[in-house]
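File shown here: query_2.txt, holding compact mmCIF, C-alpha atoms.
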# COMPACT_ATOMS: atom_id res chain seq x y z
CA MET A 1 -16.75 -22.41 30.15
CA LYS A 2 -17.23 -20.08 33.05
CA THR A 3 -13.68 -20.03 34.33
CA ILE A 4 -12.39 -18.82 30.96
CA SER A 5 -14.54 -15.69 31.05
CA LYS A 6 -13.58 -15.10 34.69
CA LEU A 7 -9.91 -15.36 33.76
CA TRP A 8 -10.36 -12.91 30.87
CA PHE A 9 -12.06 -10.55 33.30
CA PHE A 10 -9.03 -10.94 35.56
CA ILE A 11 -6.73 -10.09 32.62
CA GLY A 12 -8.91 -7.02 31.98
CA ILE A 13 -8.37 -5.86 35.56
CA LEU A 14 -4.61 -6.34 35.14
CA ILE A 15 -4.71 -4.21 31.95
CA VAL A 16 -6.50 -1.38 33.79
CA LEU A 17 -4.04 -1.62 36.71
CA SER A 18 -0.97 -1.92 34.46
CA PRO A 19 0.04 1.78 34.81
CA LEU A 20 1.09 0.85 38.37
CA GLY A 21 4.09 -0.72 36.66
CA LEU A 22 4.92 2.76 35.40
CA LEU A 23 3.83 4.94 38.33
CA LEU A 24 5.35 2.97 41.23
CA PRO A 25 8.91 3.02 39.82
CA GLU A 26 8.41 6.74 39.09
CA TYR A 27 7.23 7.40 42.65
CA PHE A 28 10.04 5.41 44.25
CA LYS A 29 12.62 6.92 41.88
CA ALA A 30 13.65 3.54 40.53
CA GLY A 31 15.43 3.48 37.18
CA SER A 32 15.73 0.87 34.45
CA ALA A 33 15.90 -2.83 35.14
CA TRP A 34 19.47 -4.04 35.63
CA GLY A 35 21.06 -4.66 32.23
CA GLU A 36 18.31 -2.85 30.33
CA TRP A 37 19.82 0.62 30.21
CA GLY A 38 19.68 2.88 27.21
CA VAL A 39 22.82 3.96 25.39
CA ASP A 40 23.01 7.31 27.28
CA GLU A 41 22.76 5.59 30.65
CA ILE A 42 25.56 3.15 29.77
CA LEU A 43 27.77 6.00 28.66
CA GLN A 44 27.21 7.71 31.99
CA MET A 45 27.73 4.56 34.09
CA VAL A 46 30.71 3.01 32.32
CA GLY A 47 32.37 6.12 30.93
CA TYR A 48 32.39 4.82 27.36
CA LEU A 49 29.98 3.12 25.00
CA PRO A 50 30.97 -0.47 24.21
CA GLU A 51 31.41 -0.48 20.44
CA GLY A 52 29.38 -3.58 19.62
CA LEU A 53 26.62 -2.53 22.00
CA GLY A 54 26.31 0.83 20.29
CA LYS A 55 25.98 -0.82 16.89
CA ILE A 56 23.62 -3.70 17.67
CA SER A 57 21.38 -1.67 19.99
CA ARG A 58 20.12 0.23 16.94
CA ILE A 59 19.26 -2.90 14.97
CA TRP A 60 15.53 -2.75 15.61
CA ASN A 61 13.17 0.19 15.92
CA ALA A 62 10.11 -1.00 17.79
CA PRO A 63 6.90 0.84 16.82
CA ILE A 64 5.93 1.47 20.49
CA PRO A 65 9.27 1.54 22.33
CA ASP A 66 8.98 0.96 26.10
CA TYR A 67 5.17 0.97 25.83
CA THR A 68 5.32 4.68 24.97
CA PHE A 69 3.76 6.10 21.81
CA LYS A 70 5.53 8.46 19.42
CA GLY A 71 5.31 12.05 20.60
CA GLN A 72 4.56 10.94 24.16
CA GLU A 73 8.13 11.17 25.41
CA GLU A 74 7.53 14.51 27.11
CA ALA A 75 3.95 13.80 28.11
CA GLY A 76 2.64 13.80 31.69
CA LEU A 77 2.01 10.73 33.80
CA LEU A 78 -1.70 10.56 32.97
CA SER A 79 -1.02 10.52 29.25
CA LEU A 80 1.79 7.97 29.73
CA SER A 81 -0.54 5.80 31.82
CA LEU A 82 -3.20 5.83 29.10
CA GLY A 83 -0.51 4.96 26.57
CA TYR A 84 0.57 2.11 28.84
CA ILE A 85 -2.99 0.75 28.96
CA ALA A 86 -3.31 1.08 25.17
CA SER A 87 0.02 -0.76 24.81
CA ALA A 88 -1.25 -3.55 27.08
CA LEU A 89 -4.41 -3.87 24.95
CA ILE A 90 -2.48 -3.89 21.66
CA GLY A 91 0.09 -6.33 23.04
CA ILE A 92 -2.51 -8.73 24.38
CA LEU A 93 -4.47 -8.59 21.13
CA ALA A 94 -1.26 -9.43 19.23
CA VAL A 95 -0.41 -12.23 21.69
CA VAL A 96 -3.88 -13.78 21.39
CA VAL A 97 -3.90 -13.59 17.58
CA LEU A 98 -0.45 -15.20 17.47
CA VAL A 99 -1.50 -18.01 19.83
CA PHE A 100 -4.58 -18.76 17.73
CA LEU A 101 -2.52 -18.71 14.51
CA ILE A 102 0.03 -21.10 16.04
CA THR A 103 -2.60 -23.50 17.37
CA LYS A 104 -4.44 -23.39 14.04
CA PHE A 105 -1.19 -24.21 12.28
CA LEU A 106 -0.45 -26.99 14.78
CA SER A 107 -3.91 -28.54 14.84
CA LYS A 108 -4.21 -31.75 12.87
CA LYS A 109 -5.67 -31.03 9.44
CA ASP A 110 -8.37 -33.71 9.75
CA ASN A 111 -9.73 -32.04 12.87
CA LEU A 112 -10.57 -28.83 11.08
CA MET B 1 15.35 -9.96 32.77
CA HIS B 2 14.76 -8.96 29.13
CA ILE B 3 18.23 -8.78 27.61
CA PRO B 4 18.20 -5.91 25.07
CA ASP B 5 19.94 -5.78 21.69
CA GLY B 6 23.65 -5.05 21.97
CA TYR B 7 24.31 -6.60 25.37
CA LEU B 8 25.16 -10.02 23.99
CA GLY B 9 27.75 -10.77 21.34
CA PRO B 10 26.76 -12.48 18.08
CA ALA B 11 28.13 -15.84 19.27
CA THR B 12 25.91 -15.85 22.38
CA CYS B 13 22.86 -14.72 20.41
CA GLY B 14 23.38 -17.41 17.76
CA PHE B 15 24.09 -20.06 20.38
CA PHE B 16 20.77 -19.51 22.14
CA TYR B 17 18.78 -19.35 18.91
CA LEU B 18 20.37 -22.71 18.02
CA ILE B 19 19.49 -24.17 21.43
CA MET B 20 15.93 -22.88 21.26
CA LEU B 21 15.20 -24.30 17.78
CA PRO B 22 14.91 -27.94 18.91
CA ILE B 23 13.10 -26.83 22.08
CA TRP B 24 10.53 -24.87 20.07
CA THR B 25 10.18 -27.81 17.67
CA ALA B 26 9.64 -30.26 20.53
CA ALA B 27 7.18 -27.91 22.21
CA SER B 28 5.20 -27.57 18.98
CA ARG B 29 5.10 -31.35 18.46
CA ILE B 30 4.04 -32.05 22.03
CA VAL B 31 1.45 -29.30 22.14
CA LYS B 32 0.10 -30.41 18.76
CA ARG B 33 -0.33 -33.96 20.05
CA ARG B 34 -1.88 -33.15 23.40
CA LEU B 35 -3.63 -29.80 23.16
CA SER B 36 -7.38 -30.14 22.97
CA THR B 37 -9.50 -27.50 21.25
CA LYS B 38 -10.93 -26.65 24.65
CA GLN B 39 -7.50 -25.75 25.97
CA VAL B 40 -6.69 -23.22 23.24
CA PRO B 41 -8.40 -20.30 25.06
CA LEU B 42 -6.46 -21.22 28.21
CA LEU B 43 -3.20 -21.12 26.24
CA ALA B 44 -4.15 -17.66 24.91
CA ILE B 45 -4.99 -16.49 28.44
CA GLY B 46 -1.67 -17.89 29.68
CA ALA B 47 0.26 -15.93 27.05
CA ALA B 48 -1.79 -12.78 27.72
CA PHE B 49 -1.25 -13.15 31.47
CA SER B 50 2.49 -13.54 31.07
CA PHE B 51 2.57 -10.52 28.74
CA VAL B 52 0.67 -8.19 31.06
CA ILE B 53 2.23 -9.33 34.36
CA MET B 54 5.66 -8.43 32.92
CA MET B 55 4.41 -4.83 32.50
CA PHE B 56 4.09 -4.53 36.28
CA ASN B 57 7.53 -3.15 37.01
CA VAL B 58 8.21 -3.40 40.71
CA PRO B 59 10.61 -0.75 42.01
CA ILE B 60 13.51 -1.14 44.39
CA PRO B 61 13.35 2.40 45.85
CA GLY B 62 16.16 4.48 44.41
CA GLY B 63 17.43 1.48 42.49
CA SER B 64 16.31 -0.65 39.61
CA THR B 65 13.03 -2.33 38.68
CA GLY B 66 12.01 -5.89 37.93
CA HIS B 67 8.91 -7.95 37.47
CA ALA B 68 7.34 -11.39 37.66
CA VAL B 69 7.03 -13.52 34.52
CA GLY B 70 3.89 -15.48 35.39
CA GLY B 71 5.45 -18.45 33.65
CA VAL B 72 5.33 -20.81 36.62
CA LEU B 73 1.56 -20.40 36.89
CA VAL B 74 1.11 -21.10 33.18
CA ALA B 75 3.35 -24.18 33.53
CA ILE B 76 1.36 -25.50 36.49
CA LEU B 77 -1.95 -25.09 34.66
CA LEU B 78 -0.96 -26.14 31.13
CA GLY B 79 2.30 -28.02 31.53
CA PRO B 80 5.83 -26.78 30.80
CA TRP B 81 5.74 -27.33 27.02
CA ALA B 82 2.57 -25.31 26.50
CA ALA B 83 3.98 -22.67 28.87
CA CYS B 84 7.10 -22.56 26.69
CA ILE B 85 4.94 -21.67 23.67
CA ALA B 86 2.82 -19.15 25.62
CA ILE B 87 5.80 -17.29 27.10
CA THR B 88 7.69 -17.36 23.80
CA VAL B 89 4.71 -15.64 22.14
CA ALA B 90 4.64 -12.98 24.87
CA LEU B 91 8.41 -12.39 24.58
CA VAL B 92 8.34 -12.17 20.78
CA ILE B 93 5.54 -9.58 20.83
CA GLN B 94 7.36 -7.61 23.56
CA ALA B 95 10.55 -7.55 21.49
CA LEU B 96 8.95 -6.77 18.12
CA LEU B 97 6.30 -4.22 19.10
CA PHE B 98 7.67 -2.69 22.29
CA GLY B 99 11.44 -3.13 22.11
CA ASP B 100 11.28 -4.92 25.49
CA GLY B 101 14.10 -7.42 25.06
CA GLY B 102 16.20 -7.39 21.91
CA ILE B 103 15.36 -9.23 18.70
CA THR B 104 18.92 -10.58 18.60
CA ALA B 105 18.41 -11.81 22.19
CA ILE B 106 15.05 -13.55 21.64
CA GLY B 107 16.83 -16.93 21.74
CA ALA B 108 18.54 -16.14 25.05
CA ASN B 109 15.50 -14.50 26.62
CA CYS B 110 13.29 -17.43 25.59
CA PHE B 111 15.83 -19.90 26.97
CA ASN B 112 15.76 -18.17 30.37
CA MET B 113 12.12 -17.19 30.68
CA ALA B 114 10.24 -19.54 28.32
CA PHE B 115 12.26 -22.72 28.87
CA VAL B 116 14.26 -22.83 32.11
CA LEU B 117 11.69 -20.90 34.16
CA PRO B 118 8.53 -22.90 33.34
CA PHE B 119 10.33 -26.26 33.46
CA ALA B 120 12.05 -25.52 36.77
CA GLY B 121 8.79 -24.15 38.19
CA TYR B 122 6.71 -27.06 36.96
CA TYR B 123 8.96 -29.76 38.43
CA ILE B 124 9.49 -27.93 41.72
CA TYR B 125 5.71 -27.59 42.05
CA LYS B 126 5.29 -31.29 41.22
CA ALA B 127 7.88 -32.29 43.79
CA VAL B 128 6.59 -30.12 46.64
CA SER B 129 2.92 -30.92 45.96
CA TYR B 130 3.63 -34.64 45.49
CA LYS B 131 0.50 -36.61 46.38
CA ALA B 132 -1.11 -33.53 47.96
CA ALA B 133 -4.89 -33.24 47.66
CA ILE B 134 -6.16 -30.75 45.08
CA ASN B 135 -7.53 -28.41 47.74
CA SER B 136 -4.61 -28.80 50.13
CA ARG B 137 -2.60 -25.94 51.54
CA ARG B 138 0.56 -27.69 50.41
CA ARG B 139 -0.37 -26.97 46.78
CA VAL B 140 -0.52 -23.24 47.47
CA ILE B 141 2.85 -23.40 49.21
CA ALA B 142 4.27 -25.52 46.39
CA ALA B 143 3.11 -22.90 43.88
CA GLY B 144 4.80 -20.13 45.87
CA VAL B 145 8.04 -22.05 46.34
CA ALA B 146 8.11 -22.97 42.64
CA GLY B 147 7.48 -19.37 41.60
CA TYR B 148 10.20 -18.03 43.90
CA LEU B 149 12.87 -20.56 42.99
CA ALA B 150 12.16 -20.70 39.25
CA LEU B 151 12.31 -16.92 38.84
CA ASN B 152 15.60 -16.85 40.72
CA ILE B 153 17.09 -19.68 38.67
CA ALA B 154 16.15 -17.78 35.49
CA ALA B 155 17.53 -14.52 36.91
CA GLY B 156 20.80 -16.18 37.93
CA LEU B 157 21.14 -17.61 34.44
CA THR B 158 20.45 -14.20 32.90
CA GLY B 159 23.13 -12.69 35.15
CA PHE B 160 25.53 -15.42 34.07
CA ILE B 161 24.88 -14.74 30.37
CA PHE B 162 25.37 -10.99 30.90
CA GLY B 163 28.47 -11.65 32.96
CA ILE B 164 30.38 -13.83 30.52
CA GLN B 165 30.22 -11.18 27.78
CA PRO B 166 33.33 -9.24 28.89
CA LEU B 167 35.20 -12.58 28.99
CA LEU B 168 34.12 -13.44 25.44
CA HIS B 169 34.43 -10.06 23.76
CA LYS B 170 37.03 -7.42 24.50
CA THR B 171 38.95 -4.88 22.46
CA VAL B 172 42.76 -4.97 22.55
CA ASP B 173 42.83 -2.15 25.10
CA GLY B 174 40.53 -4.08 27.44
CA ARG B 175 37.25 -2.32 26.78
CA ALA B 176 34.07 -4.36 26.66
CA LEU B 177 32.36 -4.73 23.29
CA TYR B 178 28.93 -5.70 24.61
CA CYS B 179 27.68 -5.99 28.21
CA PRO B 180 30.37 -4.14 30.18
CA TYR B 181 29.75 -5.89 33.52
CA GLY B 182 31.42 -9.18 34.30
CA LEU B 183 30.30 -12.15 36.39
CA ASN B 184 31.51 -10.51 39.62
CA VAL B 185 28.83 -7.81 39.17
CA ALA B 186 26.12 -9.25 36.90
CA LEU B 187 25.60 -12.50 38.79
CA PRO B 188 25.28 -11.15 42.35
CA VAL B 189 23.16 -8.18 41.27
CA MET B 190 20.71 -10.16 39.15
CA LEU B 191 20.44 -12.92 41.77
CA GLY B 192 20.35 -10.54 44.71
CA GLU B 193 17.53 -8.32 43.52
CA HIS B 194 15.42 -11.30 42.48
CA LEU B 195 16.08 -13.19 45.73
CA LEU B 196 15.20 -10.12 47.77
CA VAL B 197 12.30 -8.62 45.84
CA PHE B 198 11.10 -9.88 42.46
CA GLY B 199 11.11 -13.58 43.34
CA TRP B 200 8.52 -12.87 46.02
CA VAL B 201 6.27 -11.22 43.45
CA GLU B 202 6.30 -14.34 41.27
CA ALA B 203 5.75 -16.47 44.41
CA ILE B 204 2.77 -14.46 45.62
CA VAL B 205 1.11 -14.17 42.19
CA THR B 206 1.48 -17.90 41.54
CA ALA B 207 0.28 -18.95 45.00
CA LEU B 208 -2.69 -16.57 45.01
CA VAL B 209 -4.05 -17.73 41.66
CA ILE B 210 -3.65 -21.39 42.66
CA LYS B 211 -5.52 -20.63 45.89
CA TYR B 212 -8.28 -18.91 43.90
CA LEU B 213 -8.57 -21.83 41.47
CA GLN B 214 -8.72 -24.32 44.35
CA LYS B 215 -11.84 -22.52 45.47
CA TYR B 216 -13.54 -21.77 42.15
CA ASP B 217 -12.34 -24.31 39.59
CA PRO B 218 -10.31 -27.11 41.25
CA GLN B 219 -10.71 -29.17 38.06
CA LEU B 220 -8.04 -27.02 36.44
CA LEU B 221 -5.55 -28.26 39.03
CA ALA B 222 -6.30 -31.95 38.56
CA GLU B 223 -3.41 -34.21 37.58
CA GLY B 224 -3.09 -35.26 33.98
CA ARG B 225 -4.77 -32.18 32.61
CA SER B 226 -1.61 -30.35 31.69
CA ILE B 227 0.02 -30.79 28.30
Now that the file is in, can you turn its structure into structure tokens?
Amino acid sequence: MKTISKLWFFIGILIVLSPLGLLLPEYFKAGSAWGEWGVDEILQMVGYLPEGLGKISRIWNAPIPDYTFKGQEEAGLLSLSLGYIASALIGILAVVVLVFLITKFLSKKDNL
Amino acid sequence: MHIPDGYLGPATCGFFYLIMLPIWTAASRIVKRRLSTKQVPLLAIGAAFSFVIMMFNVPIPGGSTGHAVGGVLVAILLGPWAACIAITVALVIQALLFGDGGITAIGANCFNMAFVLPFAGYYIYKAVSYKAAINSRRRVIAAGVAGYLALNIAAGLTGFIFGIQPLLHKTVDGRALYCPYGLNVALPVMLGEHLLVFGWVEAIVTALVIKYLQKYDPQLLAEGRSI
């Protein structure tokens, strides 16, 4: 199927371009998405930290928080961009594996 | 539009998980019945596309950021139920691996972005492109209109869910327990920024890909192919 490979190629281009999603907000001095602030930002904006928010926000420690690798927090934009691309690759690999697992699980047994 | 952990109270989180359970079950049943082996790679591409397009944060200079979801395109190509599965997969991976959207809010985020968005987009596209030829301009316009409206419907709903939190949960001295902004702020801000900026991104992405497919693989747009 030719279209499928073309579409994967297209996804590949999006992966390479993905750091735009990091660099453009940086360039235009845009902050977090509305409602997606960190605890420090909330504290600054509202003047206090809502109690439940403070508790539940720590419930899960993602391995690659905000598409940034451990130790990269202070890194430059180039390093962050490469991390962003690596995150896109890892994420897409995980997404594809999960889709294939789900469809395998869903496919009728007699078809396999 | 990814609600993080801590912004929604337990009742809201549980409510949306409960709502999503039958939706996920129905989606699985329907996809199981209608998905052909040949369509599996397309489903994977749909999920991958939705995942990566959400990484393209678009800035409002000096303000906040937002992004497209890509869900309307997936719904047009594969049908709303398959799109529900594809976007759910993308959202679950984003929450688990990247902390983008909370794990307690997966139900709510999936309701907005993996259910309401693809279904709204799919039926708006169907309505606007009703009886239009596969290669017609009206299909491209329908894709854009569906992308724009569906993203805004989902954003409005997200704003509503944020906004009712201070009504549901408050301490005795009036402080918010979870999302501190009420409907008077959350709803107009979420709707406003998506109407003005991010909705157009979803519209353009959806319309452009449909235009490309019209030229290179119109078969994918044929009626009755979606799940």
For chain A, list the residues within 8 Å of chain B, counting all atoms listed in the file, and write the list as an NGL selection string.
:A and (3-4 or 7-8 or 11 or 14-15 or 18-22 or 24-25 or 28-36 or 46 or 50-67 or 88 or 91-92 or 94-96 or 98-100 or 103 or 106-108)
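Coordinates place CA of Leu151 in chain B at a distance of 7.6 Å from CA of Val69 in chain B.
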Using all atoms listed in the file - which residues lie no farther than 9 Å from the point (2.0, -20.0, 37.4) in the file's frame? Write them as an NGL selection string.
:B and (46 or 69-77 or 118 or 121-122 or 143-144 or 146-147 or 202-203 or 205-207 or 209-210)
Counting only C-alpha atoms, find the residues whose atoms lie at most 12 Å from (10.9, -29.6, 49.6) (file coordinates) and write them out as a ChimeraX atom specification.
/B:123-130,138-139,141-146,149
Save the residues we just selected, C-alpha atoms, as a PDB file, in the frame of the given file?
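selection_26.pdb was written with the following content:
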ATOM      1  CA  TYR B 123       8.960 -29.760  38.430  1.00  0.00           C
ATOM      2  CA  ILE B 124       9.490 -27.930  41.720  1.00  0.00           C
ATOM      3  CA  TYR B 125       5.710 -27.590  42.050  1.00  0.00           C
ATOM      4  CA  LYS B 126       5.290 -31.290  41.220  1.00  0.00           C
ATOM      5  CA  ALA B 127       7.880 -32.290  43.790  1.00  0.00           C
ATOM      6  CA  VAL B 128       6.590 -30.120  46.640  1.00  0.00           C
ATOM      7  CA  SER B 129       2.920 -30.920  45.960  1.00  0.00           C
ATOM      8  CA  TYR B 130       3.630 -34.640  45.490  1.00  0.00           C
ATOM      9  CA  ARG B 138       0.560 -27.690  50.410  1.00  0.00           C
ATOM     10  CA  ARG B 139      -0.370 -26.970  46.780  1.00  0.00           C
ATOM     11  CA  ILE B 141       2.850 -23.400  49.210  1.00  0.00           C
ATOM     12  CA  ALA B 142       4.270 -25.520  46.390  1.00  0.00           C
ATOM     13  CA  ALA B 143       3.110 -22.900  43.880  1.00  0.00           C
ATOM     14  CA  GLY B 144       4.800 -20.130  45.870  1.00  0.00           C
ATOM     15  CA  VAL B 145       8.040 -22.050  46.340  1.00  0.00           C
ATOM     16  CA  ALA B 146       8.110 -22.970  42.640  1.00  0.00           C
ATOM     17  CA  LEU B 149      12.870 -20.560  42.990  1.00  0.00           C
TER      18      LEU B 149
END
Do a neighbour search on Met20 in chain B at 12 Å with only C-alpha atoms, toss out local chain neighbours closer than 6 positions, and write the hits as a ChimeraX atom specification.
/B:13-14,26-28,84-85,88,105-116
Interatomic distance between CA of Ala75 in chain A and CA of Leu49 in chain A?
28.3 Å
How many Å separate CA of Trp81 in chain B from CA of His194 in chain B?
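CA of His194 in chain B lies 24.3 Å from CA of Trp81 in chain B.
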Give the centre and edge lengths of an axis-aligned box, in Å to one decimal, that holds all listed atoms of range 34-45 of chain A with 3 Å on each side, as AutoDock Vina command-line options.
--center_x 23.0 --center_y 1.5 --center_z 30.5 --size_x 15.5 --size_y 18.4 --size_z 16.2
